[in-house]
file final.pdb (PDB, C-alpha atoms, pLDDT in the B column)
ATOM      1  CA  MET A   1      87.698  93.005  81.621  1.00 96.00           C
ATOM      2  CA  LYS A   2      89.140  89.586  82.450  1.00 98.00           C
ATOM      3  CA  ILE A   3      92.673  89.792  83.843  1.00 98.00           C
ATOM      4  CA  LEU A   4      94.914  86.773  84.367  1.00 98.00           C
ATOM      5  CA  GLY A   5      97.431  87.422  87.152  1.00 98.00           C
ATOM      6  CA  ILE A   6     100.532  85.228  87.223  1.00 98.00           C
ATOM      7  CA  ASP A   7     103.218  84.760  89.867  1.00 98.00           C
ATOM      8  CA  PRO A   8     106.051  82.930  88.052  1.00 97.00           C
ATOM      9  CA  GLY A   9     108.151  80.163  89.541  1.00 95.00           C
ATOM     10  CA  MET A  10     109.771  76.893  88.576  1.00 96.00           C
ATOM     11  CA  ALA A  11     108.239  74.837  91.389  1.00 96.00           C
ATOM     12  CA  ILE A  12     104.945  76.735  91.637  1.00 97.00           C
ATOM     13  CA  VAL A  13     103.264  79.132  89.226  1.00 98.00           C
ATOM     14  CA  GLY A  14     100.408  80.928  90.944  1.00 98.00           C
ATOM     15  CA  TYR A  15      97.542  82.133  88.769  1.00 98.00           C
ATOM     16  CA  ALA A  16      94.292  83.996  89.269  1.00 98.00           C
ATOM     17  CA  MET A  17      91.598  85.263  86.930  1.00 98.00           C
ATOM     18  CA  ILE A  18      89.663  88.296  88.029  1.00 98.00           C
ATOM     19  CA  GLU A  19      86.937  90.177  86.253  1.00 97.00           C
ATOM     20  CA  THR A  20      86.402  93.858  86.831  1.00 94.00           C
ATOM     21  CA  LYS A  21      82.929  95.312  86.742  1.00 85.00           C
ATOM     22  CA  GLU A  22      82.133  98.767  88.052  1.00 81.00           C
ATOM     23  CA  ASP A  23      85.732  99.081  89.291  1.00 80.00           C
ATOM     24  CA  ARG A  24      85.283  96.119  91.651  1.00 89.00           C
ATOM     25  CA  PRO A  25      87.391  92.997  91.051  1.00 96.00           C
ATOM     26  CA  LYS A  26      85.655  89.638  91.264  1.00 97.00           C
ATOM     27  CA  LEU A  27      87.707  86.462  91.578  1.00 98.00           C
ATOM     28  CA  ILE A  28      86.715  84.011  88.837  1.00 98.00           C
ATOM     29  CA  THR A  29      89.259  81.276  89.569  1.00 98.00           C
ATOM     30  CA  SER A  30      92.695  80.793  91.066  1.00 98.00           C
ATOM     31  CA  GLY A  31      95.171  78.021  91.597  1.00 98.00           C
ATOM     32  CA  SER A  32      98.660  76.869  90.826  1.00 98.00           C
ATOM     33  CA  ILE A  33     100.733  74.884  88.403  1.00 98.00           C
ATOM     34  CA  GLN A  34     103.115  72.741  90.450  1.00 98.00           C
ATOM     35  CA  THR A  35     106.042  70.894  88.940  1.00 98.00           C
ATOM     36  CA  ASP A  36     107.913  67.892  90.294  1.00 97.00           C
ATOM     37  CA  LYS A  37     111.381  68.834  91.561  1.00 95.00           C
ATOM     38  CA  ASN A  38     112.642  65.389  90.533  1.00 98.00           C
ATOM     39  CA  LEU A  39     112.049  66.148  86.846  1.00 98.00           C
ATOM     40  CA  SER A  40     114.583  67.903  84.634  1.00 97.00           C
ATOM     41  CA  ASP A  41     114.227  71.651  84.213  1.00 96.00           C
ATOM     42  CA  SER A  42     113.231  71.188  80.570  1.00 98.00           C
ATOM     43  CA  LYS A  43     110.392  68.818  81.520  1.00 98.00           C
ATOM     44  CA  ARG A  44     109.222  71.217  84.240  1.00 98.00           C
ATOM     45  CA  LEU A  45     109.231  74.142  81.796  1.00 98.00           C
ATOM     46  CA  LEU A  46     107.276  72.079  79.266  1.00 98.00           C
ATOM     47  CA  GLU A  47     104.716  71.245  81.957  1.00 98.00           C
ATOM     48  CA  ILE A  48     104.324  74.965  82.738  1.00 98.00           C
ATOM     49  CA  PHE A  49     103.961  75.684  79.014  1.00 98.00           C
ATOM     50  CA  ASN A  50     101.318  72.997  78.482  1.00 98.00           C
ATOM     51  CA  ASP A  51      99.305  73.695  81.644  1.00 98.00           C
ATOM     52  CA  LEU A  52      99.309  77.458  81.112  1.00 98.00           C
ATOM     53  CA  SER A  53      98.322  76.971  77.462  1.00 98.00           C
ATOM     54  CA  THR A  54      95.322  74.915  78.595  1.00 98.00           C
ATOM     55  CA  LEU A  55      94.385  77.609  81.119  1.00 98.00           C
ATOM     56  CA  VAL A  56      94.605  80.435  78.578  1.00 98.00           C
ATOM     57  CA  GLU A  57      92.523  78.466  76.063  1.00 98.00           C
ATOM     58  CA  LYS A  58      89.880  77.781  78.718  1.00 98.00           C
ATOM     59  CA  LEU A  59      89.781  81.181  80.468  1.00 98.00           C
ATOM     60  CA  LYS A  60      90.319  83.451  77.435  1.00 98.00           C
ATOM     61  CA  PRO A  61      91.744  86.434  79.346  1.00 98.00           C
ATOM     62  CA  ASP A  62      91.590  89.935  77.872  1.00 98.00           C
ATOM     63  CA  CYS A  63      95.061  90.599  79.259  1.00 98.00           C
ATOM     64  CA  ALA A  64      97.602  89.221  81.705  1.00 98.00           C
ATOM     65  CA  SER A  65      99.728  90.759  84.435  1.00 98.00           C
ATOM     66  CA  VAL A  66     102.909  88.913  85.337  1.00 98.00           C
ATOM     67  CA  GLU A  67     105.223  89.595  88.242  1.00 96.00           C
ATOM     68  CA  ASN A  68     108.528  90.953  87.016  1.00 93.00           C
ATOM     69  CA  LEU A  69     111.834  89.789  88.456  1.00 84.00           C
ATOM     70  CA  PHE A  70     113.206  92.683  90.429  1.00 69.00           C
ATOM     71  CA  PHE A  71     115.395  91.434  93.240  1.00 62.00           C
ATOM     72  CA  PHE A  72     116.214  87.960  94.431  1.00 58.00           C
ATOM     73  CA  LYS A  73     117.598  87.034  97.831  1.00 65.00           C
ATOM     74  CA  ASN A  74     118.378  83.486  96.706  1.00 65.00           C
ATOM     75  CA  GLN A  75     120.763  83.459  93.741  1.00 71.00           C
ATOM     76  CA  LYS A  76     120.096  79.735  93.158  1.00 72.00           C
ATOM     77  CA  THR A  77     116.466  80.354  92.218  1.00 78.00           C
ATOM     78  CA  VAL A  78     116.749  83.477  90.075  1.00 85.00           C
ATOM     79  CA  ILE A  79     117.657  81.659  86.835  1.00 88.00           C
ATOM     80  CA  PRO A  80     114.968  78.926  87.060  1.00 91.00           C
ATOM     81  CA  VAL A  81     112.338  81.558  87.889  1.00 91.00           C
ATOM     82  CA  ALA A  82     113.527  83.689  84.955  1.00 93.00           C
ATOM     83  CA  GLU A  83     113.281  80.642  82.683  1.00 96.00           C
ATOM     84  CA  ALA A  84     109.740  79.921  83.914  1.00 97.00           C
ATOM     85  CA  ARG A  85     108.795  83.562  83.368  1.00 97.00           C
ATOM     86  CA  GLY A  86     110.118  83.322  79.808  1.00 97.00           C
ATOM     87  CA  VAL A  87     107.940  80.278  79.136  1.00 98.00           C
ATOM     88  CA  ILE A  88     104.929  82.101  80.613  1.00 98.00           C
ATOM     89  CA  LEU A  89     105.518  85.128  78.393  1.00 98.00           C
ATOM     90  CA  ALA A  90     105.875  82.839  75.356  1.00 98.00           C
ATOM     91  CA  VAL A  91     102.509  81.193  76.077  1.00 98.00           C
ATOM     92  CA  LEU A  92     100.806  84.565  76.453  1.00 98.00           C
ATOM     93  CA  GLU A  93     102.371  85.775  73.206  1.00 98.00           C
ATOM     94  CA  LYS A  94     101.300  82.581  71.422  1.00 98.00           C
ATOM     95  CA  TYR A  95      97.685  83.335  72.326  1.00 98.00           C
ATOM     96  CA  ASN A  96      97.995  87.088  71.620  1.00 98.00           C
ATOM     97  CA  VAL A  97      97.236  88.009  75.229  1.00 98.00           C
ATOM     98  CA  PRO A  98      98.435  91.565  75.960  1.00 98.00           C
ATOM     99  CA  THR A  99     100.862  91.295  78.866  1.00 98.00           C
ATOM    100  CA  TYR A 100     101.874  93.780  81.561  1.00 98.00           C
ATOM    101  CA  SER A 101     104.637  93.400  84.132  1.00 97.00           C
ATOM    102  CA  TYR A 102     104.809  94.657  87.710  1.00 97.00           C
ATOM    103  CA  THR A 103     107.558  94.348  90.287  1.00 95.00           C
ATOM    104  CA  PRO A 104     106.619  93.157  93.776  1.00 94.00           C
ATOM    105  CA  MET A 105     107.249  96.709  95.009  1.00 94.00           C
ATOM    106  CA  GLU A 106     104.818  98.142  92.431  1.00 96.00           C
ATOM    107  CA  VAL A 107     102.126  95.620  93.423  1.00 97.00           C
ATOM    108  CA  LYS A 108     102.558  96.492  97.107  1.00 96.00           C
ATOM    109  CA  GLN A 109     102.475 100.229  96.323  1.00 97.00           C
ATOM    110  CA  VAL A 110      99.246  99.940  94.346  1.00 97.00           C
ATOM    111  CA  LEU A 111      97.478  97.683  96.848  1.00 97.00           C
ATOM    112  CA  THR A 112      98.632  99.160 100.153  1.00 97.00           C
ATOM    113  CA  GLY A 113     100.071 102.567  99.306  1.00 96.00           C
ATOM    114  CA  TYR A 114     103.492 101.438 100.567  1.00 96.00           C
ATOM    115  CA  GLY A 115     106.020  99.652  98.349  1.00 93.00           C
ATOM    116  CA  ARG A 116     107.670  97.820 101.230  1.00 92.00           C
ATOM    117  CA  ALA A 117     104.472  96.507 102.816  1.00 96.00           C
ATOM    118  CA  GLU A 118     104.549  93.149 104.569  1.00 96.00           C
ATOM    119  CA  LYS A 119     102.886  90.098 103.020  1.00 94.00           C
ATOM    120  CA  LYS A 120     100.075  90.205 105.637  1.00 96.00           C
ATOM    121  CA  GLU A 121      99.235  93.793 104.663  1.00 97.00           C
ATOM    122  CA  VAL A 122      98.965  92.811 100.999  1.00 97.00           C
ATOM    123  CA  GLU A 123      96.793  89.810 101.904  1.00 97.00           C
ATOM    124  CA  GLN A 124      94.507  92.080 103.930  1.00 97.00           C
ATOM    125  CA  MET A 125      94.099  94.473 100.998  1.00 97.00           C
ATOM    126  CA  VAL A 126      93.351  91.551  98.663  1.00 98.00           C
ATOM    127  CA  LYS A 127      90.607  90.427 101.070  1.00 97.00           C
ATOM    128  CA  ILE A 128      89.186  93.947 101.215  1.00 97.00           C
ATOM    129  CA  SER A 129      89.335  94.338  97.427  1.00 96.00           C
ATOM    130  CA  LEU A 130      87.524  91.050  96.871  1.00 97.00           C
ATOM    131  CA  GLN A 131      85.166  91.576  99.825  1.00 95.00           C
ATOM    132  CA  THR A 132      86.008  88.168 101.283  1.00 96.00           C
ATOM    133  CA  ASP A 133      87.232  86.757 104.573  1.00 95.00           C
ATOM    134  CA  SER A 134      89.235  83.899 103.118  1.00 95.00           C
ATOM    135  CA  LEU A 135      92.016  83.498 100.590  1.00 96.00           C
ATOM    136  CA  PRO A 136      93.719  80.482  99.008  1.00 96.00           C
ATOM    137  CA  LYS A 137      96.354  78.835 101.192  1.00 95.00           C
ATOM    138  CA  LEU A 138      99.268  79.101  98.749  1.00 96.00           C
ATOM    139  CA  ASP A 139     101.156  82.412  98.872  1.00 96.00           C
ATOM    140  CA  ASP A 140     101.860  82.083  95.140  1.00 97.00           C
ATOM    141  CA  THR A 141      98.145  82.068  94.366  1.00 98.00           C
ATOM    142  CA  VAL A 142      97.453  85.042  96.650  1.00 98.00           C
ATOM    143  CA  ASP A 143     100.337  86.882  94.960  1.00 98.00           C
ATOM    144  CA  ALA A 144      98.766  86.164  91.556  1.00 98.00           C
ATOM    145  CA  ILE A 145      95.464  87.653  92.763  1.00 98.00           C
ATOM    146  CA  ALA A 146      97.337  90.744  94.008  1.00 98.00           C
ATOM    147  CA  ILE A 147      99.120  91.098  90.648  1.00 98.00           C
ATOM    148  CA  ALA A 148      95.793  90.922  88.797  1.00 98.00           C
ATOM    149  CA  ILE A 149      94.194  93.488  91.133  1.00 98.00           C
ATOM    150  CA  CYS A 150      97.246  95.726  90.672  1.00 97.00           C
ATOM    151  CA  HIS A 151      96.724  95.739  86.913  1.00 97.00           C
ATOM    152  CA  SER A 152      92.990  96.376  87.272  1.00 96.00           C
ATOM    153  CA  ARG A 153      93.853  99.593  89.125  1.00 95.00           C
ATOM    154  CA  ASN A 154      96.348 100.662  86.474  1.00 91.00           C
ATOM    155  CA  VAL A 155      94.061 100.343  83.446  1.00 84.00           C
TER     156      VAL A 155
END
call {"tool": "encode", "arguments": {"input": "final.pdb", "output": "structure tokens"}}
result
Amino acid sequence: MKILGIDPGMAIVGYAMIETKEDRPKLITSGSIQTDKNLSDSKRLLEIFNDLSTLVEKLKPDCASVENLFFFKNQKTVIPVAEARGVILAVLEKYNVPTYSYTPMEVKQVLTGYGRAEKKEVEQMVKISLQTDSLPKLDDTVDAIAIAICHSRNV
């Protein structure tokens, strides 16, 4: 099964495609969609829509797992992130990609066994799951990998 994991954001959308074979996730590709903060929100959302559409057409995922908004420390970013998440869900619906949502706490619980695990603990479990020593530099991309692995363990 090919799972597209997505960490939504207005500035950066992290994504990762994993494939599961014999219950072992394999990273196919990962990266980010980054928008220019000097553009209007509508232009940034359109860029997310277009770039994610291209990715879905190219990667042809069987399903997608998207981080759900659960709690935000910064009230200024919650609405733009929610808008970006809405665009992401619209793209996935457009391409008939079954979509599943997980809160950060659920992802941490599934990967580490503890819903309040630190970011380093999650990163370590992602490395172990993928049997690798290195991960992408962007936290958003690593989060997308974790979200995809989370779904692979819930199927």
call {"tool": "atom_distance", "arguments": {"input": "final.pdb", "atom1": "atom CA of A:Lys120", "atom2": "atom CA of A:Asp7"}}
result
17.0 Å
call {"tool": "residues_around", "arguments": {"input": "final.pdb", "residues": "A:Lys94", "least_positions_apart": "6", "cutoff": "12 Å", "atoms": "all atoms listed in the file", "output": "ChimeraX atom specification"}}
result
/A:49-50,52-53,56-57,87-88
call {"tool": "closest_residue", "arguments": {"input": "final.pdb", "among": "A:Thr99, A:Thr54, A:Ser134, A:Ser129", "to": "A:Asp23", "atoms": "only C-alpha atoms"}}
result
A:Ser129
call {"tool": "residues_around", "arguments": {"input": "final.pdb", "residues": "stretch 33-45 of chain A", "least_positions_apart": "2", "cutoff": "6 Å", "atoms": "all atoms listed in the file", "output": "ChimeraX atom specification"}}
result
/A:11-13,47-48
call {"tool": "closest_residue", "arguments": {"input": "final.pdb", "among": "A:Val81, A:Ile128, A:Cys150, A:Ile6", "to": "A:Lys108", "atoms": "only C-alpha atoms"}}
result
A:Cys150
call {"tool": "residues_near_point", "arguments": {"input": "final.pdb", "point": "(107.2, 93.1, 87.8)", "cutoff": "9 Å", "atoms": "only C-alpha atoms", "output": "PyMOL selection string"}}
result
chain A and resi 65-70+100-107+147
call {"tool": "atom_distance", "arguments": {"input": "final.pdb", "atom1": "atom CA of A:Glu93", "atom2": "atom CA of A:Leu27"}}
result
23.5 Å
call {"tool": "closest_residue", "arguments": {"input": "final.pdb", "among": "A:Leu4, A:Leu130, A:Leu138, A:Ala148", "to": "A:Pro61", "atoms": "all atoms listed in the file"}}
result
A:Leu4
call {"tool": "atom_distance", "arguments": {"input": "final.pdb", "atom1": "atom CA of A:Met10", "atom2": "atom CA of A:Gln124"}}
result
26.4 Å
call {"tool": "decode", "arguments": {"input": "final.pdb", "residues": "stretch 3-147 of chain A", "atoms": "C-alpha atoms", "output": "short mmCIF file (atom, residue, chain, number, x, y, z; two decimals), in the first residue's frame"}}
result
data_model
loop_
_atom_site.label_atom_id
_atom_site.label_comp_id
_atom_site.auth_asym_id
_atom_site.auth_seq_id
_atom_site.Cartn_x
_atom_site.Cartn_y
_atom_site.Cartn_z
CA ILE A 3 0.49 6.04 1.80
CA LEU A 4 0.96 9.78 1.35
CA GLY A 5 1.61 11.48 4.70
CA ILE A 6 0.97 15.22 4.88
CA ASP A 7 1.86 17.79 7.54
CA PRO A 8 -0.24 20.87 6.64
CA GLY A 9 0.95 24.45 6.88
CA MET A 10 0.67 27.74 5.04
CA ALA A 11 4.41 28.37 4.79
CA ILE A 12 5.51 24.73 4.53
CA VAL A 13 3.54 21.60 3.69
CA GLY A 14 5.59 18.52 4.49
CA TYR A 15 4.87 15.37 2.50
CA ALA A 16 6.15 11.81 2.39
CA MET A 17 5.19 8.73 0.42
CA ILE A 18 5.82 5.39 2.04
CA GLU A 19 5.07 1.93 0.78
CA THR A 20 4.34 -0.90 3.15
CA LYS A 21 5.44 -4.40 2.31
CA GLU A 22 5.49 -7.18 4.87
CA ASP A 23 4.53 -4.66 7.57
CA ARG A 24 7.74 -2.68 7.00
CA PRO A 25 7.45 0.90 5.72
CA LYS A 26 9.79 1.97 2.95
CA LEU A 27 10.25 5.66 2.18
CA ILE A 28 9.59 6.30 -1.52
CA THR A 29 9.96 10.08 -1.52
CA SER A 30 9.59 13.07 0.77
CA GLY A 31 9.85 16.81 0.58
CA SER A 32 7.96 20.02 1.07
CA ILE A 33 5.83 22.58 -0.66
CA GLN A 34 7.07 26.00 0.45
CA THR A 35 5.16 29.19 -0.22
CA ASP A 36 6.45 32.75 -0.33
CA LYS A 37 5.33 34.76 2.71
CA ASN A 38 5.26 37.90 0.56
CA LEU A 39 2.40 36.52 -1.56
CA SER A 40 -1.26 36.88 -0.63
CA ASP A 41 -2.87 34.01 1.24
CA SER A 42 -5.01 33.18 -1.79
CA LYS A 43 -1.93 32.86 -4.03
CA ARG A 44 -0.19 30.70 -1.42
CA LEU A 45 -3.22 28.42 -1.14
CA LEU A 46 -3.40 28.12 -4.93
CA GLU A 47 0.29 27.17 -5.00
CA ILE A 48 -0.37 24.44 -2.41
CA PHE A 49 -3.35 23.24 -4.46
CA ASN A 50 -1.39 23.11 -7.72
CA ASP A 51 1.79 21.56 -6.29
CA LEU A 52 -0.10 18.93 -4.30
CA SER A 53 -2.24 18.12 -7.35
CA THR A 54 0.94 17.49 -9.36
CA LEU A 55 2.30 15.28 -6.58
CA VAL A 56 -0.88 13.20 -6.31
CA GLU A 57 -1.01 12.75 -10.10
CA LYS A 58 2.63 11.63 -10.14
CA LEU A 59 2.70 9.44 -7.00
CA LYS A 60 -0.80 7.92 -7.23
CA PRO A 61 -1.21 7.13 -3.52
CA ASP A 62 -3.64 4.46 -2.35
CA CYS A 63 -4.56 6.67 0.59
CA ALA A 64 -3.40 9.73 2.49
CA SER A 65 -2.95 10.53 6.17
CA VAL A 66 -3.11 14.19 7.12
CA GLU A 67 -2.29 15.74 10.47
CA ASN A 68 -5.42 17.05 12.14
CA LEU A 69 -5.50 20.39 13.91
CA PHE A 70 -5.79 19.64 17.58
CA PHE A 71 -4.22 22.40 19.62
CA PHE A 72 -2.35 25.51 18.61
CA LYS A 73 -0.05 27.54 20.83
CA ASN A 74 0.08 30.40 18.32
CA GLN A 75 -3.39 31.78 17.60
CA LYS A 76 -2.05 33.77 14.62
CA THR A 77 -1.21 30.63 12.67
CA VAL A 78 -4.23 28.44 13.40
CA ILE A 79 -6.48 29.95 10.70
CA PRO A 80 -3.89 29.91 7.86
CA VAL A 81 -2.97 26.32 8.73
CA ALA A 82 -6.66 25.37 8.78
CA GLU A 83 -7.10 27.00 5.37
CA ALA A 84 -4.10 25.09 3.99
CA ARG A 85 -5.48 21.86 5.44
CA GLY A 86 -8.80 22.55 3.71
CA VAL A 87 -7.04 22.98 0.37
CA ILE A 88 -5.11 19.74 0.96
CA LEU A 89 -8.30 17.83 1.72
CA ALA A 90 -9.93 19.30 -1.41
CA VAL A 91 -7.05 18.08 -3.59
CA LEU A 92 -7.23 14.60 -2.10
CA GLU A 93 -11.00 14.51 -2.63
CA LYS A 94 -10.59 15.71 -6.22
CA TYR A 95 -8.38 12.70 -6.94
CA ASN A 96 -10.55 10.27 -4.91
CA VAL A 97 -7.75 9.52 -2.46
CA PRO A 98 -9.17 8.04 0.76
CA THR A 99 -8.03 10.32 3.57
CA TYR A 100 -7.42 9.67 7.27
CA SER A 101 -6.67 12.23 9.97
CA TYR A 102 -4.48 11.92 13.06
CA THR A 103 -3.74 14.42 15.80
CA PRO A 104 -0.10 14.97 16.78
CA MET A 105 -0.85 13.14 20.04
CA GLU A 106 -2.20 10.10 18.15
CA VAL A 107 0.90 10.01 15.92
CA LYS A 108 3.19 10.16 18.96
CA GLN A 109 1.17 7.45 20.73
CA VAL A 110 1.36 5.09 17.77
CA LEU A 111 5.06 5.66 17.08
CA THR A 112 6.46 5.87 20.61
CA GLY A 113 3.76 4.48 22.87
CA TYR A 114 3.47 7.86 24.61
CA GLY A 115 1.19 10.64 23.35
CA ARG A 116 3.31 13.42 24.81
CA ALA A 117 6.65 12.21 23.45
CA GLU A 118 9.28 14.76 22.51
CA LYS A 119 10.10 15.47 18.86
CA LYS A 120 13.49 13.68 19.20
CA GLU A 121 11.75 10.51 20.40
CA VAL A 122 9.44 10.55 17.38
CA GLU A 123 12.39 11.14 15.05
CA GLN A 124 14.21 8.19 16.61
CA MET A 125 11.21 5.91 16.06
CA VAL A 126 10.92 7.09 12.45
CA LYS A 127 14.59 6.17 11.93
CA ILE A 128 14.04 2.76 13.50
CA SER A 129 10.88 2.14 11.46
CA LEU A 130 12.64 3.02 8.21
CA GLN A 131 15.90 1.31 9.24
CA THR A 132 17.94 4.42 8.45
CA ASP A 133 20.42 6.66 10.22
CA SER A 134 19.42 9.88 8.52
CA LEU A 135 16.23 11.86 8.04
CA PRO A 136 15.34 14.96 6.02
CA LYS A 137 16.36 18.24 7.63
CA LEU A 138 12.91 19.87 7.68
CA ASP A 139 10.77 18.98 10.71
CA ASP A 140 7.66 19.27 8.52
CA THR A 141 8.92 16.51 6.24
CA VAL A 142 9.87 14.25 9.16
CA ASP A 143 6.40 14.87 10.63
CA ALA A 144 4.84 13.83 7.31
CA ILE A 145 6.83 10.57 7.39
CA ALA A 146 5.65 9.96 10.97
CA ILE A 147 2.03 10.60 9.95
#
